[in-house]
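Since the structure comes first, as structure tokens, the remarks are kept for the end.
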Amino acid sequence: GQQVMQIPQYQHVQEGEDFTTYCNSSTTLSNIQWYKQRPGGHPVFLIQLVKSGEVKKQKRLTFQFGEAKKNSSLHITATQTTDVGTYFCAGRYSGSARQLTFGSGTQLTVLP
Amino acid sequence: EAQVTQNPRYLITVTGKKLTVTCSQNMNHEYMSWYRQDPGLGLRQIYYSMNVEVTDKGDVPEGYKVSRKEKRNFPLILESPSPNQTSLYFCASSLRGQVISGELFFGEGSRLTVL
């Protein structure tokens with residue numbers, strides 16, 4: 001079946017350092033969403049990217065969708081302890097337009 | 001307050017004892033879905049529903065049943081639970097389930113342990 005690969009699985013950073021997580025698909029995506037799950041919590045929607053090469057920013061977070069619509073990244077500048085959690089990408093395929101395929105997530109730990 | 005409500009939040013049961021996890025949303029969403037979350041595997045879709053009386057299998061439907069008799073409710077039924085169904089379950093809803101739809105709203109999660 002279609003899979004969205006997400007790396008790294010874990011990332012420990014010192015507060016103030018940058019962080020990036022990557023998602024890759026072998027086939028073209030219709031769109032990709034990003035979610036954040038705090039420890040013990042539920043996933044919360046962050047953003048959706050639809051267009052080839054799209055870049056969106058939310059304060060210290062920058063989201064990118066690749067030109068071929070097969071990869072995406074989330075970059076956090078100058079991490080803070082409030083950024084702790086697991087970040088998931090979720091892709092929608094043209095042939096499975098009614099489903100989202102989630103990546104395995106990147107668990108971010110920010111050391112004070 | 002707009003929300004997705006799941007019950008129970010925590011449950012320990014034994015193999016073979018039927019159980020139902022309820023899910024209700026108050027946002028008049030058409031699309032609802034169930035996911036299970038296991039370490040290192042992310043969120044895997046069990047079943048989804050595009051609207052009332054319309055349900056379809058996700059990636060891991062074996063051992064589960066669902067129904068959508070009302071728009072707001074989407075219960076997950078485990079007819080004969082087994083230990084490999086021990087997991088964290090999330091219900092989610094979205095305004096539409098069509099191409100390029102909006103965000104998923106998740107419930108708080110139901111942690112199920114099957115002994």
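By convention in this document, the chains of the structure tokens carry letters A, B, ... by their order, each chain's residues are numbered from 1, and ligands are numbered from 1 in the order they are shown.
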- request: Please determine the contact residues of chain B with respect to chain A at a cut-off of 9 Å, counting only C-alpha atoms, and supply them as a list in words.
  value: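 The complete set of qualifying residues is Pro39, Gly40, Leu41, Gly42, Leu43, Arg44, Gln45, Tyr48, Met50, Gly58, Asp59, Phe90, Gly97, Gln98, Val99, Ile100, Ser101, Gly102, Glu103, Leu104, Phe105, Phe106, Gly107, Glu108 and Gly109 of chain B.
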Name all residues at most 6 Å from Phe63 (chain A) (count only C-alpha atoms; drop same-chain ones fewer than 3 positions away) and give them as a JSON list (two decimals) with all heavy atoms, in the first residue's frame.
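around_11.json, freshly written:
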```
[["chain", "number", "residue", "atom", "x", "y", "z"],
["A", 55, "VAL", "N", 5.29, 27.04, 0.27],
["A", 55, "VAL", "CA", 5.97, 27.31, 1.54],
["A", 55, "VAL", "C", 5.03, 28.15, 2.40],
["A", 55, "VAL", "O", 4.52, 29.17, 1.94],
["A", 55, "VAL", "CB", 7.30, 28.05, 1.35],
["A", 55, "VAL", "CG1", 7.95, 28.34, 2.71],
["A", 55, "VAL", "CG2", 8.26, 27.25, 0.47],
["A", 56, "LYS", "N", 4.80, 27.69, 3.62],
["A", 56, "LYS", "CA", 3.96, 28.45, 4.54],
["A", 56, "LYS", "C", 4.69, 28.60, 5.87],
["A", 56, "LYS", "O", 5.43, 27.69, 6.28],
["A", 56, "LYS", "CB", 2.62, 27.75, 4.77],
["A", 56, "LYS", "CG", 1.66, 27.84, 3.59],
["A", 56, "LYS", "CD", 0.29, 27.31, 3.99],
["A", 56, "LYS", "CE", -0.70, 27.46, 2.84],
["A", 56, "LYS", "NZ", -2.06, 26.95, 3.21],
["A", 73, "SER", "N", 8.47, 19.06, 4.40],
["A", 73, "SER", "CA", 9.28, 19.22, 5.60],
["A", 73, "SER", "C", 8.66, 20.26, 6.52],
["A", 73, "SER", "O", 7.90, 21.14, 6.09],
["A", 73, "SER", "CB", 10.71, 19.64, 5.24],
["A", 73, "SER", "OG", 10.73, 20.92, 4.65],
["A", 74, "LEU", "N", 8.98, 20.09, 7.79],
["A", 74, "LEU", "CA", 8.60, 21.06, 8.83],
["A", 74, "LEU", "C", 9.89, 21.48, 9.52],
["A", 74, "LEU", "O", 10.62, 20.63, 10.02],
["A", 74, "LEU", "CB", 7.63, 20.42, 9.82],
["A", 74, "LEU", "CG", 7.52, 21.06, 11.21],
["A", 74, "LEU", "CD1", 7.08, 22.51, 11.12],
["A", 74, "LEU", "CD2", 6.58, 20.27, 12.10]]
```
- prompt: With only C-alpha atoms as the atoms that count, which of A:Ser25, A:Val84, A:Asn71, A:Glu54 lies nearest to Val110 (chain A)?
  reply: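 Of the candidates, the smallest distance to Val110 (chain A) is held by A:Val84.
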- prompt: Which residues, written as a list in words, have at least one atom at most 8 Å from Gln25 (chain B), with only C-alpha atoms counted and residues fewer than 3 positions away on the same chain left out?
  reply: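 Counting only the stated atoms, we get Ala2, Gln3, Val4, Thr5, Asn28, His29, Arg72, Asn73 and Ser93 of chain B.
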Selected residues, all heavy atoms, written as a PDB file, in the first residue's frame, please.
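Output file selection-v8.pdb follows:
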```
ATOM      1  N   ALA B   2     -16.803  23.262  20.266  1.00  0.00           N
ATOM      2  CA  ALA B   2     -16.669  22.247  19.230  1.00  0.00           C
ATOM      3  C   ALA B   2     -15.740  21.145  19.716  1.00  0.00           C
ATOM      4  O   ALA B   2     -14.623  21.426  20.147  1.00  0.00           O
ATOM      5  CB  ALA B   2     -16.107  22.884  17.965  1.00  0.00           C
ATOM      6  N   GLN B   3     -16.214  19.910  19.660  1.00  0.00           N
ATOM      7  CA  GLN B   3     -15.352  18.844  20.132  1.00  0.00           C
ATOM      8  C   GLN B   3     -15.776  17.472  19.618  1.00  0.00           C
ATOM      9  O   GLN B   3     -16.891  17.279  19.148  1.00  0.00           O
ATOM     10  CB  GLN B   3     -15.326  18.816  21.659  1.00  0.00           C
ATOM     11  CG  GLN B   3     -16.667  18.635  22.320  1.00  0.00           C
ATOM     12  CD  GLN B   3     -16.561  18.756  23.843  1.00  0.00           C
ATOM     13  OE1 GLN B   3     -15.500  19.024  24.394  1.00  0.00           O
ATOM     14  NE2 GLN B   3     -17.662  18.569  24.526  1.00  0.00           N
ATOM     15  N   VAL B   4     -14.823  16.559  19.736  1.00  0.00           N
ATOM     16  CA  VAL B   4     -15.044  15.141  19.459  1.00  0.00           C
ATOM     17  C   VAL B   4     -14.858  14.424  20.800  1.00  0.00           C
ATOM     18  O   VAL B   4     -13.804  14.563  21.423  1.00  0.00           O
ATOM     19  CB  VAL B   4     -14.046  14.612  18.419  1.00  0.00           C
ATOM     20  CG1 VAL B   4     -14.283  13.124  18.178  1.00  0.00           C
ATOM     21  CG2 VAL B   4     -14.160  15.389  17.111  1.00  0.00           C
ATOM     22  N   THR B   5     -15.876  13.697  21.199  1.00  0.00           N
ATOM     23  CA  THR B   5     -15.871  13.067  22.519  1.00  0.00           C
ATOM     24  C   THR B   5     -15.826  11.554  22.385  1.00  0.00           C
ATOM     25  O   THR B   5     -16.653  10.964  21.692  1.00  0.00           O
ATOM     26  CB  THR B   5     -17.122  13.472  23.309  1.00  0.00           C
ATOM     27  OG1 THR B   5     -17.189  14.893  23.392  1.00  0.00           O
ATOM     28  CG2 THR B   5     -17.083  12.882  24.715  1.00  0.00           C
ATOM     29  N   ASN B  28     -21.371  18.920  13.298  1.00  0.00           N
ATOM     30  CA  ASN B  28     -22.128  18.601  12.079  1.00  0.00           C
ATOM     31  C   ASN B  28     -21.207  18.156  10.933  1.00  0.00           C
ATOM     32  O   ASN B  28     -21.473  18.432   9.763  1.00  0.00           O
ATOM     33  CB  ASN B  28     -22.985  19.792  11.626  1.00  0.00           C
ATOM     34  CG  ASN B  28     -24.132  19.368  10.725  1.00  0.00           C
ATOM     35  OD1 ASN B  28     -24.708  18.289  10.901  1.00  0.00           O
ATOM     36  ND2 ASN B  28     -24.456  20.190   9.749  1.00  0.00           N
ATOM     37  N   HIS B  29     -20.132  17.477  11.292  1.00  0.00           N
ATOM     38  CA  HIS B  29     -19.190  17.005  10.293  1.00  0.00           C
ATOM     39  C   HIS B  29     -19.727  15.792   9.564  1.00  0.00           C
ATOM     40  O   HIS B  29     -20.333  14.913  10.161  1.00  0.00           O
ATOM     41  CB  HIS B  29     -17.848  16.654  10.947  1.00  0.00           C
ATOM     42  CG  HIS B  29     -17.049  17.863  11.308  1.00  0.00           C
ATOM     43  ND1 HIS B  29     -15.883  17.783  12.046  1.00  0.00           N
ATOM     44  CD2 HIS B  29     -17.219  19.162  11.020  1.00  0.00           C
ATOM     45  CE1 HIS B  29     -15.375  18.993  12.192  1.00  0.00           C
ATOM     46  NE2 HIS B  29     -16.177  19.845  11.580  1.00  0.00           N
ATOM     47  N   ARG B  72     -23.786  12.394  14.002  1.00  0.00           N
ATOM     48  CA  ARG B  72     -22.863  12.797  15.059  1.00  0.00           C
ATOM     49  C   ARG B  72     -22.115  11.627  15.701  1.00  0.00           C
ATOM     50  O   ARG B  72     -21.095  11.831  16.344  1.00  0.00           O
ATOM     51  CB  ARG B  72     -23.622  13.567  16.128  1.00  0.00           C
ATOM     52  CG  ARG B  72     -24.692  12.771  16.849  1.00  0.00           C
ATOM     53  CD  ARG B  72     -25.436  13.655  17.843  1.00  0.00           C
ATOM     54  NE  ARG B  72     -24.550  14.044  18.926  1.00  0.00           N
ATOM     55  CZ  ARG B  72     -24.390  15.309  19.324  1.00  0.00           C
ATOM     56  NH1 ARG B  72     -25.021  16.285  18.719  1.00  0.00           N
ATOM     57  NH2 ARG B  72     -23.578  15.582  20.322  1.00  0.00           N
ATOM     58  N   ASN B  73     -22.591  10.404  15.538  1.00  0.00           N
ATOM     59  CA  ASN B  73     -21.998   9.273  16.263  1.00  0.00           C
ATOM     60  C   ASN B  73     -21.347   8.253  15.335  1.00  0.00           C
ATOM     61  O   ASN B  73     -21.884   7.926  14.264  1.00  0.00           O
ATOM     62  CB  ASN B  73     -23.062   8.553  17.084  1.00  0.00           C
ATOM     63  CG  ASN B  73     -23.634   9.442  18.167  1.00  0.00           C
ATOM     64  OD1 ASN B  73     -22.914  10.228  18.779  1.00  0.00           O
ATOM     65  ND2 ASN B  73     -24.931   9.321  18.408  1.00  0.00           N
ATOM     66  N   SER B  93     -12.939  13.691  13.122  1.00  0.00           N
ATOM     67  CA  SER B  93     -13.984  14.109  12.191  1.00  0.00           C
ATOM     68  C   SER B  93     -13.492  15.277  11.355  1.00  0.00           C
ATOM     69  O   SER B  93     -12.537  15.978  11.720  1.00  0.00           O
ATOM     70  CB  SER B  93     -15.262  14.496  12.952  1.00  0.00           C
ATOM     71  OG  SER B  93     -15.089  15.723  13.644  1.00  0.00           O
TER      72      SER B  93
END
```
Please identify which residues in chain A DSSP calls helix (DSSP H, G or I) from the backbone, and express them as a PDB file with N, CA, C and O atoms, in the first residue's frame.
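See part_18.pdb below for the written result:
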```
ATOM      1  N   THR A  81      10.756  24.985  24.770  1.00  0.00           N
ATOM      2  CA  THR A  81      10.243  23.797  25.461  1.00  0.00           C
ATOM      3  C   THR A  81       8.779  23.532  25.110  1.00  0.00           C
ATOM      4  O   THR A  81       8.308  22.411  25.190  1.00  0.00           O
ATOM      5  N   THR A  82       8.074  24.547  24.701  1.00  0.00           N
ATOM      6  CA  THR A  82       6.670  24.363  24.293  1.00  0.00           C
ATOM      7  C   THR A  82       6.536  23.623  22.965  1.00  0.00           C
ATOM      8  O   THR A  82       5.430  23.224  22.587  1.00  0.00           O
ATOM      9  N   ASP A  83       7.644  23.441  22.257  1.00  0.00           N
ATOM     10  CA  ASP A  83       7.604  22.713  20.981  1.00  0.00           C
ATOM     11  C   ASP A  83       7.650  21.200  21.171  1.00  0.00           C
ATOM     12  O   ASP A  83       7.490  20.446  20.203  1.00  0.00           O
ATOM     13  N   SER A  94      -4.162  10.927  -4.692  1.00  0.00           N
ATOM     14  CA  SER A  94      -5.230  11.159  -5.660  1.00  0.00           C
ATOM     15  C   SER A  94      -6.170   9.969  -5.753  1.00  0.00           C
ATOM     16  O   SER A  94      -7.365  10.112  -5.841  1.00  0.00           O
ATOM     17  N   GLY A  95      -5.614   8.775  -5.698  1.00  0.00           N
ATOM     18  CA  GLY A  95      -6.456   7.583  -5.823  1.00  0.00           C
ATOM     19  C   GLY A  95      -7.184   7.220  -4.542  1.00  0.00           C
ATOM     20  O   GLY A  95      -8.092   6.398  -4.544  1.00  0.00           O
ATOM     21  N   SER A  96      -6.797   7.824  -3.442  1.00  0.00           N
ATOM     22  CA  SER A  96      -7.437   7.559  -2.147  1.00  0.00           C
ATOM     23  C   SER A  96      -7.822   8.880  -1.519  1.00  0.00           C
ATOM     24  O   SER A  96      -7.433   9.195  -0.403  1.00  0.00           O
TER      25      SER A  96
END
```
message: Would you pick out the contacts of Lys18 (chain B) at 7 Å or less, using only C-alpha atoms, so that residues sharing its chain but fewer than 6 positions from it are not included, and give the list as a list of chain:residue names?
response: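 Counting only C-alpha atoms, the residues come to B:Leu78, B:Glu79, B:Ser80, B:Pro81.
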task: Apply DSSP to the structure's backbone, then extract all residues of chain A labelled strand (DSSP E or B) and return them as an NGL selection string.
output: :A and (4-7 or 10-14 or 19-25 or 29-37 or 43-49 or 55-58 or 61-65 or 71-76 or 85-93 or 101-102 or 106-111)
Could you name the residues that touch Gly16 (chain A) at 9 Å or less, counting only C-alpha atoms, but leaving out those on the same chain fewer than 5 positions away, as an mmCIF file with N, CA and C atoms, in the first residue's frame?
```cif
data_model
loop_
_atom_site.group_PDB
_atom_site.id
_atom_site.type_symbol
_atom_site.label_atom_id
_atom_site.label_comp_id
_atom_site.auth_asym_id
_atom_site.auth_seq_id
_atom_site.Cartn_x
_atom_site.Cartn_y
_atom_site.Cartn_z
ATOM 1 N N THR A 77 12.482 26.948 13.915
ATOM 2 C CA THR A 77 13.637 27.786 14.227
ATOM 3 C C THR A 77 13.662 28.087 15.725
ATOM 4 N N ALA A 78 14.848 27.973 16.295
ATOM 5 C CA ALA A 78 15.030 28.332 17.705
ATOM 6 C C ALA A 78 13.987 27.672 18.596
ATOM 7 N N THR A 79 14.091 26.359 18.728
ATOM 8 C CA THR A 79 13.085 25.597 19.477
ATOM 9 C C THR A 79 12.923 26.101 20.904
ATOM 10 N N GLN A 80 11.699 25.904 21.407
ATOM 11 C CA GLN A 80 11.376 26.234 22.793
ATOM 12 C C GLN A 80 10.806 24.988 23.446
ATOM 13 N N VAL A 110 12.975 18.747 23.667
ATOM 14 C CA VAL A 110 13.745 19.984 23.762
ATOM 15 C C VAL A 110 14.329 20.076 25.164
ATOM 16 N N PRO A 112 16.173 21.923 28.174
ATOM 17 C CA PRO A 112 16.287 23.324 28.596
ATOM 18 C C PRO A 112 17.738 23.721 28.854
#
```
message: So, with only C-alpha atoms as the atoms that count, which of A:Ser72, A:Gln3, A:Gln64, A:Ser52 lies closest to Ser26 (chain A)?
response: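 That would be A:Gln3, the residue with the smallest distance to Ser26 (chain A).
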query: Neighbours of Gly85 (chain A) within 6 Å (only C-alpha atoms; same-chain residues fewer than 2 positions away dropped), as a list in words?
result: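 Once the adjacent positions are removed, what remains is Gln37, Arg38, Pro39, Gln107 and Leu108 of chain A.
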query: How many Å lie between CA of His12 (chain A) and CA of Lys69 (chain A), rounded to one decimal?
result: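 Computing it gives 28.1 Å between the two atoms.
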task: Have a look at A:Thr109, A:Lys36, A:Asp18, A:Asn24 and name the one nearest to Phe65 (chain A); count only C-alpha atoms.
output: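 The closest residue to Phe65 (chain A) is A:Asn24.
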- request: Pick out the residues sitting within 8 Å of Leu112 (chain B), and hand them over as a list of chain:residue names; count only C-alpha atoms, and ignore anything fewer than 3 positions along from it in its own chain.
  value: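 The residues that qualify are B:Tyr10, B:Leu11, B:Ile12, B:Thr13, B:Gln85, B:Thr86, B:Ser87, B:Leu88, B:Tyr89.
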